[in-house]
file my_file.cif (mmCIF, C-alpha atoms)
data_start
#
loop_
_atom_site.label_atom_id
_atom_site.label_comp_id
_atom_site.auth_asym_id
_atom_site.auth_seq_id
_atom_site.Cartn_x
_atom_site.Cartn_y
_atom_site.Cartn_z
CA MET M 83 17.85 151.94 95.19
CA THR M 84 21.15 151.43 93.38
CA THR M 85 21.57 148.12 91.54
CA ALA M 86 24.33 147.03 93.93
CA LEU M 87 21.89 147.09 96.88
CA GLN M 88 18.83 145.51 95.27
CA GLU M 89 17.63 142.10 96.40
CA PRO M 90 18.80 139.65 93.68
CA THR M 91 16.09 137.87 91.68
CA GLU M 92 18.02 136.36 88.73
CA ARG M 93 19.39 132.87 89.36
CA VAL M 94 23.16 132.62 89.01
CA PRO M 95 24.82 130.05 86.72
CA LEU M 96 26.62 126.97 87.97
CA THR M 97 29.99 128.26 86.70
CA PHE M 98 29.71 131.29 88.99
CA LEU M 99 29.08 129.09 92.03
CA ILE M 100 31.94 126.74 91.09
CA LEU M 101 34.46 129.59 90.77
CA LEU M 102 33.25 131.16 94.02
CA GLY M 103 33.41 127.73 95.68
CA LEU M 104 36.99 127.16 94.57
CA ALA M 105 38.07 130.60 95.78
CA SER M 106 36.37 130.04 99.14
CA ALA M 107 37.84 126.55 99.39
CA SER M 108 41.37 127.84 98.86
CA ALA M 109 40.93 130.34 101.71
CA LEU M 110 39.49 127.69 104.04
CA LEU M 111 42.41 125.43 103.15
CA ALA M 112 44.79 128.19 104.23
CA ILE M 113 42.93 128.60 107.53
CA MET M 114 41.16 125.41 108.62
CA VAL M 115 43.56 122.72 107.39
CA VAL M 116 46.65 124.67 108.40
CA LEU M 117 45.03 125.11 111.82
CA SER M 118 44.17 121.41 112.16
CA VAL M 119 47.37 119.88 110.79
CA LEU M 120 50.37 122.22 110.57
CA ILE M 121 50.00 124.74 113.40
CA PRO M 122 49.65 122.16 116.25
CA ALA M 123 52.56 120.15 114.84
CA GLN M 124 54.79 123.24 114.56
CA VAL M 125 53.88 124.45 118.05
CA SER M 126 54.59 120.99 119.47
CA ARG M 127 58.06 121.04 117.90
CA VAL M 128 58.92 124.36 119.57
CA ASP M 129 58.51 122.80 123.04
CA PRO M 130 56.72 119.43 123.28
CA ALA M 131 56.30 119.71 127.06
CA ALA M 132 54.54 123.08 126.77
CA ALA M 133 52.44 122.28 123.69
CA ALA M 134 49.08 123.14 125.31
CA THR M 135 50.40 126.41 126.76
CA ASN M 136 52.01 127.45 123.48
CA LEU M 137 48.83 126.64 121.54
CA ALA M 138 47.01 128.88 124.02
CA VAL M 139 49.37 131.67 122.92
CA VAL M 140 49.33 131.19 119.15
CA LEU M 141 45.68 130.29 118.53
CA PRO M 142 44.06 133.27 120.32
CA VAL M 143 46.37 135.69 118.50
CA GLY M 144 45.07 134.33 115.20
CA ALA M 145 41.50 134.23 116.47
CA PHE M 146 41.76 137.91 117.41
CA GLY M 147 42.81 138.61 113.84
CA ALA M 148 39.70 136.80 112.62
CA LEU M 149 37.55 138.64 115.16
CA VAL M 150 38.64 142.01 113.76
CA GLY M 151 39.26 141.09 110.13
CA ASN M 152 35.87 139.65 109.24
CA PRO M 153 33.56 142.51 110.31
CA LEU M 154 36.12 145.15 109.30
CA GLY M 155 36.53 143.60 105.85
CA GLY M 156 32.77 143.34 105.43
CA ALA M 157 32.20 146.95 106.48
CA LEU M 158 34.95 148.34 104.26
CA SER M 159 33.75 146.40 101.23
CA ASP M 160 30.15 147.56 101.85
CA ARG M 161 31.21 151.19 101.32
CA THR M 162 33.81 150.66 98.54
CA THR M 163 32.96 152.59 95.37
CA SER M 164 35.80 151.26 93.20
CA ARG M 165 35.05 150.86 89.51
CA TYR M 166 35.97 147.18 90.01
CA GLY M 167 33.09 146.73 92.44
CA ARG M 168 32.74 146.46 96.20
CA ARG M 169 34.11 142.98 96.95
CA ARG M 170 36.76 142.33 94.28
CA PRO M 171 39.41 144.83 95.51
CA TRP M 172 39.28 143.32 99.00
CA ILE M 173 39.63 139.82 97.63
CA VAL M 174 42.89 140.87 95.94
CA ILE M 175 44.18 142.54 99.11
CA GLY M 176 43.15 139.58 101.25
CA VAL M 177 44.84 137.01 99.02
CA LEU M 178 48.18 138.79 98.82
CA ALA M 179 48.39 139.51 102.54
CA THR M 180 47.26 135.98 103.51
CA ALA M 181 50.04 134.61 101.31
CA VAL M 182 52.55 136.74 103.22
CA GLY M 183 51.29 135.29 106.50
CA LEU M 184 51.64 131.74 105.18
CA LEU M 185 55.21 132.47 104.08
CA ILE M 186 56.04 133.67 107.60
CA LEU M 187 54.59 130.46 109.05
CA ALA M 188 56.73 128.45 106.63
CA HIS M 189 60.02 130.22 107.37
CA VAL M 190 59.89 131.53 110.96
CA PRO M 191 59.42 128.48 113.21
CA THR M 192 59.73 130.39 116.51
CA LEU M 193 56.69 130.90 118.74
CA ALA M 194 56.67 134.64 117.97
CA GLY M 195 56.95 133.97 114.24
CA LEU M 196 54.11 131.45 114.35
CA ALA M 197 51.92 133.91 116.26
CA LEU M 198 52.63 136.73 113.78
CA GLY M 199 52.10 134.56 110.71
CA TRP M 200 48.90 133.08 112.11
CA PHE M 201 47.54 136.54 112.94
CA LEU M 202 48.10 137.70 109.35
CA VAL M 203 46.52 134.56 107.91
CA GLN M 204 43.46 134.87 110.13
CA PHE M 205 43.06 138.65 109.75
CA PHE M 206 43.37 138.84 105.97
CA GLY M 207 41.91 135.38 105.38
CA ASN M 208 38.79 136.56 107.16
CA ILE M 209 38.66 139.67 105.01
CA LEU M 210 38.47 137.19 102.15
CA LEU M 211 35.76 135.15 103.84
CA ALA M 212 33.76 138.32 104.54
CA ALA M 213 33.81 139.19 100.84
CA TYR M 214 32.71 135.70 99.81
CA ALA M 215 29.91 135.66 102.39
CA ALA M 216 28.55 139.02 101.20
CA ILE M 217 28.60 137.94 97.55
CA ILE M 218 25.90 135.34 98.28
CA PRO M 219 23.17 137.83 99.36
CA ASP M 220 24.54 140.33 96.81
CA ARG M 221 24.04 138.02 93.84
CA VAL M 222 22.10 134.86 94.75
CA PRO M 223 18.27 134.91 95.14
CA VAL M 224 16.83 133.54 98.38
CA ASP M 225 15.39 130.38 96.81
CA GLN M 226 18.82 129.42 95.40
CA ARG M 227 20.92 130.04 98.51
CA GLY M 228 20.64 126.53 99.86
CA ALA M 229 21.88 125.16 96.54
CA ALA M 230 24.63 127.79 96.49
CA GLN M 231 25.79 126.74 99.95
CA ALA M 232 25.65 123.12 98.77
CA ILE M 233 28.04 123.84 95.89
CA LEU M 234 30.38 125.76 98.20
CA GLY M 235 30.04 123.01 100.77
CA LEU M 236 30.99 120.40 98.17
CA LEU M 237 34.06 122.10 96.76
CA SER M 238 35.52 123.31 100.06
CA PRO M 239 35.85 119.89 101.70
CA LEU M 240 37.10 118.27 98.50
CA VAL M 241 39.92 120.81 98.32
CA MET M 242 40.49 120.57 102.08
CA ILE M 243 40.60 116.77 102.09
CA ALA M 244 43.23 116.78 99.35
CA GLY M 245 45.15 119.36 101.34
CA ALA M 246 44.81 117.43 104.59
CA TYR M 247 45.96 114.21 102.91
CA TYR M 248 49.03 115.94 101.51
CA LEU M 249 49.88 118.02 104.58
CA GLY M 250 49.53 115.02 106.86
CA ARG M 251 52.43 113.37 105.05
CA VAL M 252 54.92 116.17 104.49
CA THR M 253 58.08 116.25 106.59
CA ASP M 254 59.32 119.63 105.34
CA VAL M 255 56.95 122.38 106.54
CA ARG M 256 57.79 124.60 103.60
CA ALA M 257 56.71 121.84 101.22
CA GLY M 258 53.35 122.00 102.95
CA TYR M 259 52.83 125.76 102.75
CA TYR M 260 53.92 126.42 99.15
CA PRO M 261 51.07 124.44 97.49
CA VAL M 262 48.57 126.14 99.82
CA ILE M 263 49.87 129.56 98.75
CA ALA M 264 49.82 128.62 95.06
CA GLY M 265 46.27 127.28 95.25
CA LEU M 266 45.06 130.37 97.12
CA ILE M 267 46.46 132.76 94.52
CA ALA M 268 45.37 130.71 91.48
CA CYS M 269 41.76 130.09 92.57
CA ASN M 270 41.15 133.69 93.59
CA ALA M 271 42.82 135.11 90.49
CA LEU M 272 40.46 133.05 88.33
CA PHE M 273 37.39 134.17 90.27
CA VAL M 274 38.35 137.87 90.27
CA TRP M 275 39.11 137.70 86.54
CA ARG M 276 35.66 136.28 85.73
CA TYR M 277 33.48 137.96 88.35
CA ARG M 278 31.71 141.23 87.58
CA GLU M 279 29.60 143.06 90.13
CA PRO M 280 27.51 146.25 90.08
CA ARG M 281 29.43 149.31 91.16
CA LEU M 282 28.32 151.30 94.19
CA PRO M 283 27.99 154.85 92.80
CA PRO M 284 30.46 157.41 94.21
CA GLY M 285 28.82 159.47 96.92
CA SER M 286 26.21 156.83 97.76
CA ALA M 287 28.16 155.78 100.87
CA PRO M 288 28.34 158.32 103.71
CA ALA M 289 31.60 160.19 104.22
CA PHE M 290 33.98 158.21 106.39
CA ARG M 291 34.05 159.26 110.03
CA LEU M 292 35.69 156.95 112.51
CA GLY M 293 33.13 157.38 115.29
CA PRO M 294 30.00 156.59 113.24
CA PHE M 295 31.90 153.85 111.39
CA LEU M 296 32.78 152.05 114.64
CA ALA M 297 29.33 152.72 116.15
CA ALA M 298 27.70 150.97 113.18
CA PHE M 299 29.13 147.64 114.36
CA TRP M 300 26.72 147.73 117.31
CA ILE M 301 23.41 146.18 116.27
CA SER M 302 20.86 146.86 118.99
CA PRO M 303 19.22 143.67 120.33
CA ARG M 304 16.17 145.75 121.18
CA ARG M 305 15.75 146.98 117.60
CA GLN M 306 16.92 143.76 115.96
CA PRO M 307 15.94 140.97 118.41
CA ASN M 308 15.99 138.31 115.70
CA PHE M 309 19.58 139.12 114.78
CA ALA M 310 20.51 138.97 118.48
CA VAL M 311 19.01 135.48 118.82
CA VAL M 312 20.90 134.28 115.74
CA TRP M 313 24.12 135.77 117.13
CA LEU M 314 23.72 133.98 120.47
CA ALA M 315 22.79 130.70 118.79
CA TRP M 316 25.89 130.99 116.58
CA LEU M 317 28.04 131.70 119.63
CA PHE M 318 26.94 128.55 121.46
CA LEU M 319 27.03 126.35 118.36
CA TRP M 320 30.57 127.45 117.51
CA THR M 321 31.70 127.07 121.12
CA GLY M 322 30.51 123.47 121.18
CA PHE M 323 32.13 122.76 117.83
CA ALA M 324 35.45 124.42 118.78
CA LEU M 325 35.71 122.30 121.94
CA GLY M 326 35.61 119.11 119.88
CA THR M 327 38.08 120.07 117.14
CA GLY M 328 41.33 121.90 116.43
CA GLY M 329 44.18 121.89 118.92
CA PHE M 330 42.22 120.10 121.65
CA LEU M 331 41.42 117.15 119.39
CA PHE M 332 45.04 117.06 118.15
CA LEU M 333 46.34 116.86 121.73
CA TYR M 334 43.70 114.26 122.62
CA VAL M 335 44.76 112.02 119.74
CA GLN M 336 48.44 112.59 120.51
CA ASN M 337 48.37 112.06 124.27
CA VAL M 338 45.33 109.93 125.15
CA THR M 339 44.23 107.67 122.30
CA GLY M 340 47.51 105.78 121.98
CA TYR M 341 47.44 106.29 118.21
CA ALA M 342 51.23 106.06 117.84
CA ALA M 343 51.29 102.73 119.69
CA LEU M 344 48.39 101.37 117.65
CA TYR M 345 49.95 102.38 114.34
CA PRO M 346 53.77 102.44 114.67
CA GLY M 347 55.42 104.76 112.18
CA ARG M 348 52.35 106.92 111.65
CA THR M 349 52.13 110.53 112.82
CA VAL M 350 49.38 112.45 114.56
CA GLN M 351 49.12 114.59 111.43
CA GLU M 352 48.14 111.45 109.52
CA ALA M 353 45.49 110.69 112.15
CA MET M 354 44.05 114.18 111.73
CA SER M 355 44.00 113.87 107.95
CA GLN M 356 42.24 110.50 108.34
CA ILE M 357 39.58 112.21 110.44
CA GLN M 358 39.10 114.93 107.82
CA ILE M 359 38.80 112.34 105.06
CA ALA M 360 36.08 110.50 106.98
CA GLN M 361 34.27 113.76 107.74
CA THR M 362 34.29 114.72 104.08
CA ALA M 363 33.32 111.34 102.65
CA VAL M 364 30.24 111.16 104.87
CA GLY M 365 29.50 114.83 105.44
CA VAL M 366 29.51 116.23 101.91
CA PRO M 367 26.71 114.05 100.46
CA LEU M 368 24.54 114.56 103.54
CA MET M 369 25.17 118.30 103.57
CA MET M 370 24.24 118.63 99.89
CA LEU M 371 21.03 116.66 100.39
CA ALA M 372 20.14 118.83 103.38
CA ALA M 373 20.89 122.07 101.49
CA LEU M 374 18.84 121.10 98.44
CA ALA M 375 15.99 119.86 100.63
CA SER M 376 15.98 123.14 102.56
CA ASP M 377 15.48 125.08 99.31
CA ARG M 378 12.68 122.78 98.18
CA LEU M 379 10.92 122.74 101.56
CA LYS M 380 11.75 126.41 102.25
CA ARG M 381 12.93 125.44 105.72
CA ARG M 382 16.26 126.17 107.40
CA ARG M 383 15.83 125.84 111.15
CA ALA M 384 15.18 122.10 111.24
CA PHE M 385 18.36 121.37 109.29
CA VAL M 386 20.49 123.74 111.36
CA SER M 387 19.14 122.06 114.51
CA ALA M 388 19.88 118.58 113.13
CA GLY M 389 23.46 119.59 112.38
CA GLY M 390 23.90 120.95 115.90
CA LEU M 391 22.54 117.73 117.42
CA LEU M 392 25.01 115.68 115.38
CA VAL M 393 27.91 117.78 116.67
CA MET M 394 26.58 117.34 120.20
CA ALA M 395 26.47 113.56 119.77
CA GLY M 396 30.03 113.62 118.49
CA VAL M 397 31.52 115.57 121.38
CA ILE M 398 29.65 113.31 123.82
CA GLY M 399 31.27 110.33 122.06
CA LEU M 400 34.72 111.89 122.48
CA ALA M 401 34.03 112.40 126.19
CA LEU M 402 32.89 108.80 126.69
CA SER M 403 35.83 106.92 125.21
CA PRO M 404 39.42 107.60 124.04
CA ALA M 405 39.48 104.46 121.89
CA TRP M 406 40.66 105.35 118.39
CA GLY M 407 37.59 103.78 116.75
CA MET M 408 35.26 105.89 118.89
CA VAL M 409 37.35 109.02 118.29
CA LEU M 410 37.16 108.50 114.53
CA LEU M 411 33.40 107.84 114.64
CA ALA M 412 32.68 110.75 116.97
CA SER M 413 34.88 113.15 114.98
CA THR M 414 33.08 112.12 111.81
CA ALA M 415 29.74 112.99 113.44
CA ILE M 416 31.15 116.37 114.47
CA GLY M 417 32.34 117.07 110.93
CA VAL M 418 29.04 116.01 109.35
CA GLY M 419 27.00 118.06 111.81
CA PHE M 420 29.22 121.09 111.35
CA ARG M 421 28.85 121.03 107.57
CA ILE M 422 25.07 120.94 107.89
CA PHE M 423 24.65 123.59 110.58
CA TYR M 424 27.26 125.88 109.03
CA SER M 425 26.00 125.73 105.44
CA LEU M 426 22.32 126.04 106.29
CA GLY M 427 23.07 128.50 109.10
CA GLN M 428 24.81 130.78 106.62
CA ALA M 429 21.84 130.55 104.25
CA MET M 430 19.47 131.27 107.15
CA ALA M 431 21.53 134.26 108.30
CA THR M 432 21.35 135.95 104.89
CA GLU M 433 17.55 136.02 105.24
CA ILE M 434 17.47 138.00 108.50
CA LEU M 435 20.09 140.70 107.83
CA PRO M 436 19.00 144.16 109.04
CA SER M 437 20.13 146.16 105.98
CA ALA M 438 20.94 145.53 102.31
CA ALA M 439 23.53 148.32 102.43
CA ASP M 440 25.43 146.65 105.26
CA ARG M 441 25.36 142.98 104.28
CA GLY M 442 29.10 142.50 104.57
CA LYS M 443 29.34 144.30 107.91
CA ASP M 444 26.31 142.53 109.40
CA LEU M 445 27.61 139.11 108.36
CA GLY M 446 30.95 140.11 109.86
CA VAL M 447 29.30 141.01 113.16
CA LEU M 448 27.62 137.62 113.11
CA ASN M 449 30.99 136.04 112.46
CA ILE M 450 32.29 137.53 115.72
CA ALA M 451 30.18 134.88 117.45
CA SER M 452 32.27 132.18 115.76
CA THR M 453 35.63 133.76 116.60
CA VAL M 454 35.09 134.67 120.26
CA PRO M 455 35.30 130.98 121.29
CA GLN M 456 38.60 130.67 119.43
CA ILE M 457 40.03 133.48 121.55
CA ILE M 458 38.90 132.44 125.02
CA LEU M 459 38.83 128.64 124.79
CA PRO M 460 42.55 127.89 124.17
CA GLY M 461 43.64 129.62 127.39
CA ILE M 462 40.91 128.01 129.47
CA GLY M 463 41.54 124.61 127.93
CA ALA M 464 45.30 124.86 128.35
CA ALA M 465 44.94 125.74 132.03
CA LEU M 466 42.65 122.77 132.58
CA LEU M 467 44.78 120.28 130.64
CA ASN M 468 47.98 121.44 132.34
CA ALA M 469 46.30 121.12 135.73
CA VAL M 470 45.17 117.51 135.24
CA GLY M 471 47.95 116.46 132.84
CA LEU M 472 48.05 116.30 129.03
CA GLY M 473 47.88 112.51 129.18
CA SER M 474 44.82 112.35 131.43
CA PRO M 475 41.42 111.83 129.75
CA VAL M 476 39.67 113.73 132.56
CA GLY M 477 40.47 117.23 131.32
CA TYR M 478 39.42 116.39 127.79
CA ALA M 479 36.17 114.84 129.03
CA ILE M 480 35.35 118.09 130.83
CA LEU M 481 36.03 120.11 127.69
CA PHE M 482 33.99 117.80 125.48
CA GLY M 483 31.13 117.65 127.99
CA THR M 484 31.04 121.44 128.08
CA GLY M 485 30.94 121.43 124.30
CA ALA M 486 27.89 119.17 124.30
CA PHE M 487 26.11 121.49 126.76
CA CYS M 488 26.85 124.53 124.57
CA MET M 489 25.55 122.74 121.48
CA ALA M 490 22.30 121.98 123.31
CA LEU M 491 21.91 125.67 124.20
CA GLY M 492 22.61 126.69 120.61
CA VAL M 493 20.03 124.28 119.19
CA GLY M 494 17.48 125.56 121.69
CA LEU M 495 18.09 129.16 120.62
CA VAL M 496 17.67 128.24 116.95
CA GLN M 497 14.05 127.39 117.73
CA LEU M 498 13.45 131.00 118.82
CA ILE M 499 14.54 132.56 115.51
CA ARG M 500 11.68 134.30 113.71
CA GLY M 501 11.27 135.25 110.08
CA VAL M 502 12.60 131.97 108.70
CA ARG M 503 11.11 128.48 108.81
#

call {"tool": "encode", "arguments": {"input": "my_file.cif", "output": "structure tokens"}}
result
Amino acid sequence: MTTALQEPTERVPLTFLILLGLASASALLAIMVVLSVLIPAQVSRVDPAAAATNLAVVLPVGAFGALVGNPLGGALSDRTTSRYGRRRPWIVIGVLATAVGLLILAHVPTLAGLALGWFLVQFFGNILLAAYAAIIPDRVPVDQRGAAQAILGLLSPLVMIAGAYYLGRVTDVRAGYYPVIAGLIACNALFVWRYREPRLPPGSAPAFRLGPFLAAFWISPRRQPNFAVVWLAWLFLWTGFALGTGGFLFLYVQNVTGYAALYPGRTVQEAMSQIQIAQTAVGVPLMMLAALASDRLKRRRAFVSAGGLLVMAGVIGLALSPAWGMVLLASTAIGVGFRIFYSLGQAMATEILPSAADRGKDLGVLNIASTVPQIILPGIGAALLNAVGLGSPVGYAILFGTGAFCMALGVGLVQLIRGVR
């Protein structure tokens, strides 16, 4: 077996994980924080009365980009025989194109411009995320992957919290996007400059044929039942999480909690950055402890389940009360639980991949389970909220209650995963 496809056994140094963590954090800043803070605010400015409907237009367009970009980027990098390695060329492509999408978001404030820019950010940003995800099983041994996810899980929220704090206070949208673009380019340039990876020898990948290439994205549940269970668990966990965050939470804070009346002069963007700060301050230490403990105990499922239960408790809290104190507490629980189930879930997923030659593609297929909810939920949620009224807590309670139910299903499915403890 070529060196590029061998199971890694040599532990990686801390500097490698820090550089990878910073690169990953810059991409998540461009996606997650922009999604939580800037996109809802920009969409609301286009037409405040149709904010939910317009979010249901913009967000699924971007989610579709993520749906296609992540598995496609993983599959293309799997078969890349460049002398610079398999993942590095796609990191460069992903960074430059994501920056273009961010520039469009900054300068084209129409609904069509926002949809186009957000599609580019999600499509190429997910090509980036696919490369980062594949680098972990490419280079990090199994007994170090929890620690690796802990380092990534530490740096990402620290960068994101700084970004959320800044973006929550900018009045000029362009002043918000430019630092995000600069950080994305700088962090990835440093990682690509320092990172070296084994080359996939020319001719070792099969000749490209569109039919077999597309067919390879289908992973048979009958032949790979464990992968199918993980995929379904991921789908329900991400559905529950998505119903308690993003545009729905922004609209809930804006229209139901009375935040503006409680804190005159403050914006909803500031409220969202406050939530992210609380999530990070509490979630990062707990996530790191969980990740390190999972390596020591050689157990993943219990920690993934605990994270899912925390998210479930949080969305139930949102459904029970629109009081700002409860919203902040419940959102913090959601953020803490997400960091645990996501970090340890990623580590768990790398241990059940069907093929070493297709790590990027297989992780991309798994990522489809996290993007499908982002495509279908905005339209369903917008229809519900418009039907009952943006200012009514009833529609939000239904969404949050559904999220809790999905989290329960996801946690139940995690118990059925075999091959990992």

call {"tool": "resolve_selection", "arguments": {"input": "my_file.cif", "expression": "the PyMOL selection byres ((chain M and resi 240) around 12)", "output": "MDAnalysis selection string"}}
result
chainID M and resid 103:104 106:108 110:111 115 233:239 241:247 358:367

call {"tool": "residues_near_point", "arguments": {"input": "my_file.cif", "point": "(44.8, 137.0, 102.4)", "cutoff": "12 Å", "atoms": "all atoms listed in the file", "output": "number ranges by chain"}}
result
M: 105-106, 108-113, 147-148, 151-152, 155, 171-185, 199-213, 262-263, 266-267, 270

call {"tool": "closest_residue", "arguments": {"input": "my_file.cif", "among": "M:Trp406, M:Gly167, M:Asp225, M:Met370", "to": "M:Ala342", "atoms": "only C-alpha atoms"}}
result
M:Trp406

call {"tool": "resolve_selection", "arguments": {"input": "my_file.cif", "expression": "the PyMOL selection byres ((chain M and resi 411) around 12)", "output": "compact mmCIF listing (two decimals) with C-alpha atoms, in the coordinates of the input"}}
result
# COMPACT_ATOMS: atom_id res chain seq x y z
CA GLN M 356 42.24 110.50 108.34
CA ILE M 357 39.58 112.21 110.44
CA GLN M 358 39.10 114.93 107.82
CA ILE M 359 38.80 112.34 105.06
CA ALA M 360 36.08 110.50 106.98
CA GLN M 361 34.27 113.76 107.74
CA VAL M 364 30.24 111.16 104.87
CA LEU M 392 25.01 115.68 115.38
CA VAL M 393 27.91 117.78 116.67
CA ALA M 395 26.47 113.56 119.77
CA GLY M 396 30.03 113.62 118.49
CA VAL M 397 31.52 115.57 121.38
CA ILE M 398 29.65 113.31 123.82
CA GLY M 399 31.27 110.33 122.06
CA LEU M 400 34.72 111.89 122.48
CA SER M 403 35.83 106.92 125.21
CA PRO M 404 39.42 107.60 124.04
CA ALA M 405 39.48 104.46 121.89
CA TRP M 406 40.66 105.35 118.39
CA GLY M 407 37.59 103.78 116.75
CA MET M 408 35.26 105.89 118.89
CA VAL M 409 37.35 109.02 118.29
CA LEU M 410 37.16 108.50 114.53
CA ALA M 412 32.68 110.75 116.97
CA SER M 413 34.88 113.15 114.98
CA THR M 414 33.08 112.12 111.81
CA ALA M 415 29.74 112.99 113.44
CA ILE M 416 31.15 116.37 114.47
CA GLY M 417 32.34 117.07 110.93
CA VAL M 418 29.04 116.01 109.35

call {"tool": "atom_distance", "arguments": {"input": "my_file.cif", "atom1": "atom CA of M:Arg378", "atom2": "atom CA of M:Glu279"}}
result
27.6 Å

call {"tool": "closest_atom_pairs", "arguments": {"input": "my_file.cif", "of": "stretch 374-412 of chain M", "to": "stretch 426-445 of chain M", "cutoff": "8 Å", "atoms": "all atoms listed in the file", "output": "tab-separated table"}}
result
residue	atom	partner	partner_atom	distance
M:Ser376	CA	M:Leu426	CA	7.9
M:Arg382	CA	M:Met430	CA	6.0
M:Arg383	CA	M:Met430	CA	7.7
M:Phe385	CA	M:Leu426	CA	6.8
M:Val386	CA	M:Leu426	CA	5.9

call {"tool": "resolve_selection", "arguments": {"input": "my_file.cif", "expression": "the PyMOL selection byres ((chain M and resi 230) around 12)", "output": "PyMOL selection string"}}
result
chain M and resi 93-103+214-215+217-219+221-229+231-237+369-370+373-374+376-377+425-426+428-429

call {"tool": "closest_residue", "arguments": {"input": "my_file.cif", "among": "M:Leu448, M:Val255, M:Ala315, M:Thr349", "to": "M:Trp300", "atoms": "all atoms listed in the file"}}
result
M:Leu448

call {"tool": "closest_residue", "arguments": {"input": "my_file.cif", "among": "M:Ala490, M:Ala469, M:Leu379, M:Leu317", "to": "M:Asn449", "atoms": "all atoms listed in the file"}}
result
M:Leu317

call {"tool": "residues_near_point", "arguments": {"input": "my_file.cif", "point": "(41.1, 129.9, 116.8)", "cutoff": "7 Å", "atoms": "only C-alpha atoms", "output": "ChimeraX atom specification"}}
result
/M:141-142,144-145,453,456-457

call {"tool": "atom_distance", "arguments": {"input": "my_file.cif", "atom1": "atom CA of M:Ala451", "atom2": "atom CA of M:Leu117"}}
result
18.6 Å

call {"tool": "closest_residue", "arguments": {"input": "my_file.cif", "among": "M:Leu459, M:Met489, M:Leu472, M:Val143", "to": "M:Gly419", "atoms": "all atoms listed in the file"}}
result
M:Met489

call {"tool": "atom_distance", "arguments": {"input": "my_file.cif", "atom1": "atom CA of M:Ala479", "atom2": "atom CA of M:Ala401"}}
result
4.3 Å

call {"tool": "closest_residue", "arguments": {"input": "my_file.cif", "among": "M:Trp320, M:Phe295, M:Tyr334, M:Tyr345", "to": "M:Asp160", "atoms": "only C-alpha atoms"}}
result
M:Phe295

call {"tool": "closest_residue", "arguments": {"input": "my_file.cif", "among": "M:Leu282, M:Arg500, M:Val140, M:Arg348", "to": "M:Gln88", "atoms": "all atoms listed in the file"}}
result
M:Leu282

call {"tool": "axis_aligned_box", "arguments": {"input": "my_file.cif", "around": "stretch 342-353 of chain M", "padding_each_side": "8 Å", "output": "AutoDock Vina command-line options"}}
result
--center_x 50.5 --center_y 108.0 --center_z 114.6 --size_x 25.9 --size_y 29.2 --size_z 26.2
